[in-house]
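Here is coords.tsv, consisting of TSV, C-alpha atoms (C1' of nucleotides):
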chain	number	residue	atom	x	y	z
A	231	MET	CA	66.39	72.29	145.10
A	232	THR	CA	65.76	70.04	148.07
A	233	THR	CA	63.70	71.44	150.88
A	234	ALA	CA	65.90	70.25	153.71
A	235	PRO	CA	68.71	72.52	154.90
A	236	SER	CA	72.15	70.93	154.90
A	237	ALA	CA	72.80	71.68	158.55
A	238	SER	CA	71.39	68.84	160.61
A	239	PRO	CA	72.08	65.16	160.06
A	240	ASP	CA	69.38	64.43	162.62
A	241	LEU	CA	67.14	62.14	160.65
A	242	SER	CA	64.68	61.72	163.49
A	243	ALA	CA	63.75	65.38	163.18
A	244	VAL	CA	62.73	64.99	159.56
A	245	PRO	CA	59.06	64.10	159.04
A	246	ASP	CA	58.09	60.87	157.29
A	247	ALA	CA	56.59	62.59	154.27
A	248	GLU	CA	59.80	64.53	153.73
A	249	LEU	CA	61.84	61.34	153.93
A	250	LEU	CA	59.57	59.68	151.40
A	251	ARG	CA	60.32	62.48	148.98
A	252	LEU	CA	64.04	62.32	149.68
A	253	ASP	CA	63.97	58.56	149.35
A	254	HIS	CA	62.36	58.95	145.99
A	255	GLN	CA	65.23	61.14	144.90
A	256	VAL	CA	67.99	58.90	146.21
A	257	CYS	CA	66.51	55.69	144.86
A	258	PHE	CA	65.90	57.36	141.62
A	259	SER	CA	69.37	58.92	141.35
A	260	LEU	CA	71.10	55.64	141.91
A	261	HIS	CA	68.75	53.67	139.72
A	262	ALA	CA	68.98	56.22	136.93
A	263	ALA	CA	72.77	56.55	137.15
A	264	SER	CA	73.21	52.82	137.05
A	265	ARG	CA	71.01	52.57	133.99
A	266	ALA	CA	72.64	55.55	132.28
A	267	PHE	CA	75.98	53.80	132.78
A	268	GLY	CA	74.51	50.64	131.33
A	269	GLY	CA	73.14	52.57	128.40
A	270	TYR	CA	76.49	54.09	127.59
A	271	TYR	CA	78.23	50.74	127.78
A	272	ARG	CA	75.59	49.07	125.67
A	273	ARG	CA	76.65	51.30	122.82
A	274	ALA	CA	80.36	51.22	123.52
A	275	LEU	CA	80.42	47.44	123.79
A	276	LYS	CA	78.15	46.78	120.85
A	277	ASP	CA	80.90	46.12	118.34
A	278	LEU	CA	82.72	43.93	120.84
A	279	GLY	CA	79.57	41.83	120.98
A	280	LEU	CA	79.39	42.11	124.78
A	281	THR	CA	76.65	43.20	127.14
A	282	TYR	CA	77.48	45.25	130.21
A	283	SER	CA	77.29	42.24	132.53
A	284	GLN	CA	79.34	40.10	130.18
A	285	TYR	CA	81.93	42.87	130.10
A	286	LEU	CA	82.13	42.81	133.90
A	287	VAL	CA	82.77	39.07	133.82
A	288	MET	CA	85.41	39.46	131.12
A	289	LEU	CA	87.11	42.18	133.20
A	290	VAL	CA	87.38	39.72	136.07
A	291	LEU	CA	88.83	37.05	133.82
A	292	TRP	CA	91.26	39.44	132.13
A	293	GLU	CA	92.56	40.57	135.49
A	294	GLN	CA	92.46	37.41	137.53
A	295	GLY	CA	92.71	34.58	135.03
A	296	PRO	CA	90.96	31.21	135.19
A	297	GLN	CA	88.65	30.75	138.15
A	298	SER	CA	85.52	29.01	139.32
A	299	VAL	CA	81.99	30.24	138.80
A	300	LYS	CA	81.78	30.73	142.54
A	301	ALA	CA	84.88	32.96	142.58
A	302	ILE	CA	83.52	35.13	139.79
A	303	GLY	CA	80.23	35.32	141.63
A	304	GLU	CA	81.89	36.48	144.81
A	305	ARG	CA	83.81	39.15	142.95
A	306	LEU	CA	80.70	40.51	141.24
A	307	HIS	CA	78.12	39.67	143.92
A	308	LEU	CA	76.24	37.47	141.47
A	309	ASP	CA	74.87	33.99	142.02
A	310	SER	CA	74.89	30.94	139.77
A	311	GLY	CA	71.36	31.68	138.66
A	312	THR	CA	72.67	34.75	136.90
A	313	LEU	CA	76.13	33.52	135.97
A	314	SER	CA	75.36	30.08	134.58
A	315	PRO	CA	73.36	31.25	131.57
A	316	LEU	CA	75.60	34.27	131.07
A	317	LEU	CA	78.70	32.07	130.95
A	318	LYS	CA	76.98	29.73	128.54
A	319	ARG	CA	76.40	32.66	126.24
A	320	LEU	CA	80.05	33.68	126.50
A	321	GLU	CA	80.97	30.08	125.70
A	322	SER	CA	78.72	30.01	122.63
A	323	ALA	CA	80.35	33.27	121.57
A	324	GLY	CA	83.70	31.47	121.73
A	325	LEU	CA	85.17	33.74	124.40
A	326	VAL	CA	85.46	31.33	127.33
A	327	ARG	CA	85.77	27.62	128.06
A	328	ARG	CA	83.95	25.83	130.88
A	329	GLU	CA	85.59	22.79	132.41
A	330	ARG	CA	84.81	20.70	135.46
A	331	SER	CA	87.58	20.94	138.00
A	332	ARG	CA	89.58	17.74	138.55
A	333	GLU	CA	90.16	18.32	142.24
A	334	ASP	CA	86.54	19.14	142.99
A	335	GLU	CA	84.06	17.79	140.52
A	336	ARG	CA	81.37	20.14	141.81
A	337	SER	CA	83.15	23.24	140.62
A	338	VAL	CA	83.49	24.51	137.06
A	339	VAL	CA	86.55	26.49	136.04
A	340	ILE	CA	86.07	29.31	133.54
A	341	ASP	CA	89.01	30.06	131.28
A	342	LEU	CA	89.50	32.50	128.42
A	343	THR	CA	89.88	31.18	124.91
A	344	ASP	CA	92.50	32.84	122.68
A	345	GLU	CA	89.71	34.85	121.16
A	346	GLY	CA	88.52	35.92	124.62
A	347	ALA	CA	92.02	36.96	125.64
A	348	GLU	CA	92.51	38.92	122.42
A	349	LEU	CA	89.26	40.81	122.95
A	350	ARG	CA	90.96	42.64	125.82
A	351	GLU	CA	93.02	44.66	123.33
A	352	ARG	CA	89.88	45.99	121.73
A	353	ALA	CA	88.31	46.68	125.12
A	354	LEU	CA	91.22	48.83	126.25
A	355	SER	CA	89.88	51.88	124.48
A	356	VAL	CA	86.45	51.69	126.10
A	357	PRO	CA	87.07	53.00	129.63
A	358	ARG	CA	88.71	56.23	128.52
A	359	GLY	CA	85.59	57.14	126.58
A	360	VAL	CA	83.37	56.28	129.49
A	361	LEU	CA	85.33	58.25	132.04
A	362	ALA	CA	85.31	61.22	129.70
A	363	ALA	CA	81.56	60.82	129.17
A	364	THR	CA	80.88	60.94	132.90
A	365	GLY	CA	82.12	64.51	132.99
A	366	LEU	CA	83.64	63.78	136.40
A	367	SER	CA	87.16	64.44	137.52
A	368	LEU	CA	89.36	61.57	138.62
A	369	GLU	CA	89.00	62.73	142.23
A	370	GLU	CA	85.24	62.75	142.00
A	371	VAL	CA	85.28	59.28	140.50
A	372	LEU	CA	87.43	57.97	143.32
A	373	GLY	CA	85.27	59.73	145.90
A	374	LEU	CA	82.12	58.34	144.37
A	375	GLN	CA	83.59	54.89	144.42
A	376	GLU	CA	84.46	55.19	148.07
A	377	ILE	CA	80.94	56.26	149.08
A	378	LEU	CA	79.32	53.62	146.92
A	379	GLY	CA	81.55	50.99	148.47
A	380	ARG	CA	80.49	51.99	151.97
A	381	LEU	CA	76.87	52.11	150.86
A	382	THR	CA	77.01	48.61	149.42
A	383	GLY	CA	78.74	47.25	152.49
A	384	ALA	CA	76.30	48.84	154.90
A	385	LEU	CA	73.24	47.75	152.94
A	386	GLY	CA	74.60	44.23	152.65
A	387	GLU	CA	75.09	44.03	156.40
A	388	ALA	CA	71.62	45.43	157.02
A	389	VAL	CA	70.08	42.79	154.78
A	390	ASP	CA	72.09	40.00	156.40
A	391	ALA	CA	71.11	41.24	159.84
A	392	GLY	CA	67.46	41.83	158.86
B	182	MET	CA	94.15	50.71	147.30
B	183	THR	CA	94.13	52.29	143.85
B	184	THR	CA	97.50	52.93	142.26
B	185	ALA	CA	96.77	56.44	141.02
B	186	PRO	CA	97.60	59.36	143.28
B	187	SER	CA	94.82	61.83	143.86
B	188	ALA	CA	96.78	64.76	142.50
B	189	SER	CA	96.34	64.82	138.75
B	190	PRO	CA	93.01	64.73	136.93
B	191	ASP	CA	94.99	64.32	133.70
B	192	LEU	CA	93.40	61.20	132.31
B	193	SER	CA	95.56	61.20	129.22
B	194	ALA	CA	98.58	60.44	131.39
B	195	VAL	CA	97.01	57.27	132.76
B	196	PRO	CA	97.78	54.13	130.74
B	197	ASP	CA	94.96	52.12	129.16
B	198	ALA	CA	95.50	49.06	131.31
B	199	GLU	CA	95.22	51.16	134.46
B	200	LEU	CA	91.99	52.71	133.22
B	201	LEU	CA	90.60	49.28	132.49
B	202	ARG	CA	91.20	48.34	136.11
B	203	LEU	CA	89.70	51.59	137.39
B	204	ASP	CA	86.77	51.16	135.05
B	205	HIS	CA	86.20	47.76	136.49
B	206	GLN	CA	86.01	49.28	139.93
B	207	VAL	CA	83.70	52.13	139.00
B	208	CYS	CA	81.33	50.00	136.95
B	209	PHE	CA	81.29	47.47	139.65
B	210	SER	CA	80.74	49.97	142.48
B	211	LEU	CA	77.75	51.51	140.81
B	212	HIS	CA	76.30	48.22	139.67
B	213	ALA	CA	76.79	46.66	143.10
B	214	ALA	CA	75.42	49.67	144.98
B	215	SER	CA	72.36	49.78	142.80
B	216	ARG	CA	71.72	46.09	143.35
B	217	ALA	CA	72.39	46.31	147.08
B	218	PHE	CA	69.80	49.06	147.24
B	219	GLY	CA	67.40	46.88	145.30
B	220	GLY	CA	68.09	43.98	147.63
B	221	TYR	CA	67.33	46.04	150.71
B	222	TYR	CA	64.09	47.34	149.22
B	223	ARG	CA	63.03	43.90	148.08
B	224	ARG	CA	62.86	42.90	151.73
B	225	ALA	CA	61.46	46.16	153.02
B	226	LEU	CA	58.71	46.22	150.40
B	227	LYS	CA	57.86	42.55	150.56
B	228	ASP	CA	54.90	42.92	152.90
B	229	LEU	CA	53.62	45.86	150.86
B	230	GLY	CA	53.58	43.51	147.89
B	231	LEU	CA	55.66	45.90	145.80
B	232	THR	CA	58.87	45.45	143.86
B	233	TYR	CA	61.48	48.19	143.85
B	234	SER	CA	60.41	49.46	140.42
B	235	GLN	CA	56.77	49.35	141.33
B	236	TYR	CA	57.60	51.35	144.46
B	237	LEU	CA	59.28	54.01	142.31
B	238	VAL	CA	56.15	54.28	140.18
B	239	MET	CA	53.96	54.49	143.26
B	240	LEU	CA	56.20	57.24	144.66
B	241	VAL	CA	55.61	59.23	141.50
B	242	LEU	CA	51.86	58.73	141.74
B	243	TRP	CA	51.71	59.52	145.45
B	244	GLU	CA	53.58	62.76	144.88
B	245	GLN	CA	52.23	63.93	141.56
B	246	GLY	CA	48.80	62.34	141.27
B	247	PRO	CA	47.16	61.00	138.09
B	248	GLN	CA	49.29	61.23	134.98
B	249	SER	CA	50.00	59.60	131.66
B	250	VAL	CA	52.30	56.66	131.10
B	251	LYS	CA	54.55	59.00	129.17
B	252	ALA	CA	54.81	61.43	132.09
B	253	ILE	CA	55.72	58.64	134.49
B	254	GLY	CA	58.27	57.42	131.98
B	255	GLU	CA	59.90	60.81	131.71
B	256	ARG	CA	60.09	61.10	135.46
B	257	LEU	CA	61.74	57.69	135.85
B	258	HIS	CA	63.57	57.52	132.52
B	259	LEU	CA	61.61	54.40	131.57
B	260	ASP	CA	59.90	53.61	128.30
B	261	SER	CA	56.55	52.02	127.59
B	262	GLY	CA	58.20	48.66	127.04
B	263	THR	CA	59.04	48.60	130.73
B	264	LEU	CA	56.09	50.52	132.08
B	265	SER	CA	53.20	48.89	130.25
B	266	PRO	CA	53.58	45.43	131.80
B	267	LEU	CA	54.56	46.92	135.17
B	268	LEU	CA	51.44	49.07	135.26
B	269	LYS	CA	49.32	46.10	134.29
B	270	ARG	CA	50.69	44.26	137.29
B	271	LEU	CA	49.89	47.21	139.55
B	272	GLU	CA	46.41	47.23	138.05
B	273	SER	CA	45.92	43.50	138.72
B	274	ALA	CA	47.10	44.15	142.26
B	275	GLY	CA	44.28	46.69	142.57
B	276	LEU	CA	46.58	49.65	143.23
B	277	VAL	CA	46.04	51.71	140.09
B	278	ARG	CA	43.47	52.29	137.35
B	279	ARG	CA	44.33	52.73	133.67
B	280	GLU	CA	42.04	54.88	131.56
B	281	ARG	CA	42.30	56.23	128.04
B	282	SER	CA	42.42	60.00	128.07
B	283	ARG	CA	39.38	61.75	126.59
B	284	GLU	CA	41.34	64.66	125.14
B	285	ASP	CA	43.97	62.47	123.50
B	286	GLU	CA	42.91	58.94	122.84
B	287	ARG	CA	46.52	57.86	122.38
B	288	SER	CA	47.41	58.48	125.96
B	289	VAL	CA	46.51	56.43	129.02
B	290	VAL	CA	46.10	58.11	132.38
B	291	ILE	CA	47.21	56.19	135.45
B	292	ASP	CA	45.34	56.93	138.65
B	293	LEU	CA	45.57	55.50	142.16
B	294	THR	CA	42.72	53.41	143.50
B	295	ASP	CA	41.70	53.95	147.12
B	296	GLU	CA	43.77	50.93	147.99
B	297	GLY	CA	46.76	52.38	146.16
B	298	ALA	CA	46.41	55.71	147.90
B	299	GLU	CA	46.12	54.02	151.29
B	300	LEU	CA	49.28	52.03	150.71
B	301	ARG	CA	51.21	55.27	151.07
B	302	GLU	CA	50.59	55.24	154.82
B	303	ARG	CA	52.29	51.88	155.14
B	304	ALA	CA	55.15	52.98	152.89
B	305	LEU	CA	55.94	56.00	155.05
B	306	SER	CA	58.01	53.94	157.45
B	307	VAL	CA	60.23	52.43	154.76
B	308	PRO	CA	62.60	55.28	153.86
B	309	ARG	CA	63.76	55.89	157.42
B	310	GLY	CA	64.95	52.33	157.64
B	311	VAL	CA	66.70	52.55	154.32
B	312	LEU	CA	68.49	55.78	155.07
B	313	ALA	CA	69.62	54.34	158.37
B	314	ALA	CA	70.78	51.16	156.63
B	315	THR	CA	72.96	53.13	154.21
B	316	GLY	CA	75.12	54.28	157.09
B	317	LEU	CA	75.49	57.63	155.36
B	318	SER	CA	74.90	61.06	156.83
B	319	LEU	CA	72.26	63.31	155.35
B	320	GLU	CA	75.02	65.46	153.84
B	321	GLU	CA	76.65	62.49	152.19
B	322	VAL	CA	73.31	61.39	150.79
B	323	LEU	CA	72.70	64.82	149.32
B	324	GLY	CA	76.24	64.97	147.94
B	325	LEU	CA	75.92	61.54	146.43
B	326	GLN	CA	72.67	62.53	144.83
B	327	GLU	CA	74.24	65.62	143.32
B	328	ILE	CA	77.13	63.68	141.77
B	329	LEU	CA	74.86	60.94	140.50
B	330	GLY	CA	72.61	63.53	138.93
B	331	ARG	CA	75.51	65.08	137.05
B	332	LEU	CA	76.73	61.63	136.05
B	333	THR	CA	73.36	60.64	134.64
B	334	GLY	CA	73.02	63.93	132.79
B	335	ALA	CA	76.48	63.73	131.26
B	336	LEU	CA	76.12	60.10	130.24
B	337	GLY	CA	72.71	60.80	128.75
B	338	GLU	CA	74.14	63.62	126.65
B	339	ALA	CA	77.09	61.48	125.57
B	340	VAL	CA	74.73	58.74	124.40
B	341	ASP	CA	72.51	61.22	122.57
B	342	ALA	CA	75.53	62.77	120.91
B	343	GLY	CA	77.15	59.42	120.18
C	240	DC	C1'	40.50	68.03	102.78
C	241	DA	C1'	44.12	64.41	102.25
C	242	DC	C1'	48.20	62.52	103.22
C	243	DA	C1'	52.53	62.19	105.44
C	244	DA	C1'	55.05	62.70	109.75
C	245	DC	C1'	54.80	62.09	114.28
C	246	DT	C1'	53.36	60.46	118.86
C	247	DA	C1'	51.58	57.29	122.80
C	248	DA	C1'	51.01	52.91	124.23
C	249	DG	C1'	51.59	48.27	123.74
C	250	DT	C1'	53.99	43.82	121.94
C	251	DT	C1'	57.93	40.74	121.09
C	252	DG	C1'	62.33	38.88	121.94
C	253	DT	C1'	66.77	38.98	124.45
C	254	DT	C1'	69.37	39.52	128.55
C	255	DC	C1'	69.87	40.18	133.40
C	256	DA	C1'	68.76	39.66	138.64
C	257	DC	C1'	67.20	36.79	142.01
C	258	DA	C1'	64.43	33.45	144.86
C	259	DA	C1'	63.55	28.77	145.26
C	260	DC	C1'	64.65	24.62	143.82
C	261	DT	C1'	67.27	20.18	142.00
C	262	DC	C1'	71.29	17.36	141.53
C	263	DA	C1'	75.73	15.64	142.20
C	264	DA	C1'	80.02	15.80	144.73
C	265	DT	C1'	82.32	16.60	149.08
C	266	DG	C1'	83.29	16.46	153.94
C	267	DG	C1'	82.25	15.40	158.72
C	268	DC	C1'	80.98	12.67	162.36
C	269	DG	C1'	79.22	8.84	164.82
D	268	DC	C1'	82.25	2.53	156.81
D	269	DG	C1'	77.75	4.80	156.32
D	270	DC	C1'	74.89	8.61	156.68
D	271	DC	C1'	73.77	13.33	156.43
D	272	DA	C1'	74.68	18.29	156.18
D	273	DT	C1'	76.98	21.28	153.15
D	274	DT	C1'	78.59	23.07	148.86
D	275	DG	C1'	78.91	24.34	143.68
D	276	DA	C1'	76.54	24.55	139.61
D	277	DG	C1'	72.54	24.49	137.13
D	278	DT	C1'	67.25	25.03	136.34
D	279	DT	C1'	62.76	27.28	136.70
D	280	DG	C1'	59.78	31.07	137.20
D	281	DT	C1'	58.97	36.08	137.88
D	282	DG	C1'	59.99	40.74	137.17
D	283	DA	C1'	62.67	44.25	135.08
D	284	DA	C1'	65.23	46.94	131.15
D	285	DC	C1'	65.50	47.85	126.51
D	286	DA	C1'	65.70	47.53	121.29
D	287	DA	C1'	62.78	47.02	117.57
D	288	DC	C1'	58.45	46.78	116.09
D	289	DT	C1'	53.11	47.44	115.62
D	290	DT	C1'	48.85	49.94	116.04
D	291	DA	C1'	45.96	53.66	116.67
D	292	DG	C1'	45.31	58.48	117.20
D	293	DT	C1'	46.98	63.32	116.30
D	294	DT	C1'	49.08	67.15	113.89
D	295	DG	C1'	51.06	69.72	110.23
D	296	DT	C1'	51.41	70.91	105.42
D	297	DG	C1'	50.48	71.16	100.70
Would you write out, as structure tokens, the structure that this file holds?
Amino acid sequence: MTTAPSASPDLSAVPDAELLRLDHQVCFSLHAASRAFGGYYRRALKDLGLTYSQYLVMLVLWEQGPQSVKAIGERLHLDSGTLSPLLKRLESAGLVRRERSREDERSVVIDLTDEGAELRERALSVPRGVLAATGLSLEEVLGLQEILGRLTGALGEAVDAG
Amino acid sequence: MTTAPSASPDLSAVPDAELLRLDHQVCFSLHAASRAFGGYYRRALKDLGLTYSQYLVMLVLWEQGPQSVKAIGERLHLDSGTLSPLLKRLESAGLVRRERSREDERSVVIDLTDEGAELRERALSVPRGVLAATGLSLEEVLGLQEILGRLTGALGEAVDAG
DNA sequence: CACAACTAAGTTGTTCACAACTCAATGGCG
DNA sequence: CGCCATTGAGTTGTGAACAACTTAGTTGTG
């Protein structure tokens, strides 16, 4: 399907125009996969009343318990500009509490309400459906994760260095 | 790092709670990788005056020439709700023209302006930097693309069937 | 031909991502 | 102690993604 043979990893030998086409495909694959994932979750999480991003935050809270906005942000690579309004929405939905920390008045600790904690039971059935829907084997999923992790790390470093 | 051994693809043997944790990791990997990609491009495309999504649309136009909003949408899996305002911004930037089709007055044909076509020359240098920044070999990139393609296809079908 | 079903693009409203910023609390350092 | 750089959260503004909807044009069928 792609024009390039799989033999040489020598990028410098590949002409610009070819790379532009390949770039298109890679960008697009990742972008599309990410959105397809989001689309699946949107449906699966609909009756839990959660968006995909809210689900990610809830996963962090279910696994790690009460923690600051900053800690959640580090875990998910999100900043306060994204998290603050999202957490407010989770608070309005009655799933989390937001409280100023006593030790450090700058930081806000996010904690699950009873309702938020109970929601985990209903969320337990979601991942099995998703993993089945991907059509990937467990090995492929783990392999994908490993590559994506390296990709994210390398790109992050490149941006920091740039 | 993950608890599961790589031997068995038998998902039904894995407990729910374990899957929830794995799900967290997979969701997160994909989400994070997609955003890391976006972050890199944001910088790389800054002096071209393009966003990541606008770049994807321009790639389609550079490769395939004038085409309808619908055709671009099919190529990028985007609907008119996303594309209409984006294309208006590209039009204001002087990169594309929007014209009602003569044959079918419902459809709008997007065409590059001279300025839009010339921008391709400046974009040619971008992908090499990105591919280098990923730290992946050409083989890994192609492999990743293949898996992501299958993933997107399978998830799309699951949503349609759902 | 007439009317219903469909299709393409655009609009509206919600949520998310992120840069750039404000504001208050903290921590150093002279 | 007093001042200032830093830090954590929040706000503002822009762009993107998408559901649900509108509007206008097209097609099929009786």
Please report as a PyMOL selection string which residues of chain A come no farther than 8 Å from chain C, using all atoms listed in the file. chain A and resi 283+311-312+334-336
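In terms of minimum interatomic distance to Glu345 (chain A), A:Leu325 ranks closest within A:Leu325, A:Val371, A:Leu260, A:Leu308, counting all atoms listed in the file.
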Distance filter 12 Å, all atoms listed in the file, chain B against chain D, as an mmCIF file with C-alpha atoms, keeping the file's coordinate frame:
data_model
loop_
_atom_site.group_PDB
_atom_site.id
_atom_site.type_symbol
_atom_site.label_atom_id
_atom_site.label_comp_id
_atom_site.auth_asym_id
_atom_site.auth_seq_id
_atom_site.Cartn_x
_atom_site.Cartn_y
_atom_site.Cartn_z
ATOM 1 C CA GLY B 219 67.400 46.880 145.300
ATOM 2 C CA ARG B 223 63.030 43.900 148.080
ATOM 3 C CA LEU B 231 55.660 45.900 145.800
ATOM 4 C CA THR B 232 58.870 45.450 143.860
ATOM 5 C CA TYR B 233 61.480 48.190 143.850
ATOM 6 C CA SER B 234 60.410 49.460 140.420
ATOM 7 C CA GLN B 235 56.770 49.350 141.330
ATOM 8 C CA HIS B 258 63.570 57.520 132.520
ATOM 9 C CA LEU B 259 61.610 54.400 131.570
ATOM 10 C CA ASP B 260 59.900 53.610 128.300
ATOM 11 C CA SER B 261 56.550 52.020 127.590
ATOM 12 C CA GLY B 262 58.200 48.660 127.040
ATOM 13 C CA THR B 263 59.040 48.600 130.730
ATOM 14 C CA LEU B 264 56.090 50.520 132.080
ATOM 15 C CA SER B 265 53.200 48.890 130.250
ATOM 16 C CA PRO B 266 53.580 45.430 131.800
ATOM 17 C CA LEU B 267 54.560 46.920 135.170
ATOM 18 C CA ARG B 270 50.690 44.260 137.290
ATOM 19 C CA ARG B 281 42.300 56.230 128.040
ATOM 20 C CA SER B 282 42.420 60.000 128.070
ATOM 21 C CA ARG B 283 39.380 61.750 126.590
ATOM 22 C CA GLU B 284 41.340 64.660 125.140
ATOM 23 C CA ASP B 285 43.970 62.470 123.500
ATOM 24 C CA GLU B 286 42.910 58.940 122.840
ATOM 25 C CA ARG B 287 46.520 57.860 122.380
ATOM 26 C CA SER B 288 47.410 58.480 125.960
#
Return the neighbours of chain B among the residues of chain A, cut-off 7 Å, counting all atoms listed in the file, as a PyMOL selection string. chain A and resi 236+239+246-247+249-250+253-254+256+259-264+266-267+270+286+289+354-355+357-358+363-365+367-369+375+378-379+381-382+384-386+388-389
Quick one: pull the distance between CA of Ala301 (chain A) and CA of Arg352 (chain A), Å, one decimal.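 Separation of CA of Ala301 (chain A) and CA of Arg352 (chain A): 25.1 Å.
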Taken to one decimal, the CA of Glu304 (chain A)-CA of Thr343 (chain A) distance is 22.1 Å
Interatomic distance (Å, one decimal) between CA of Ala347 (chain A) and CA of Gly324 (chain A): 10.7 Å
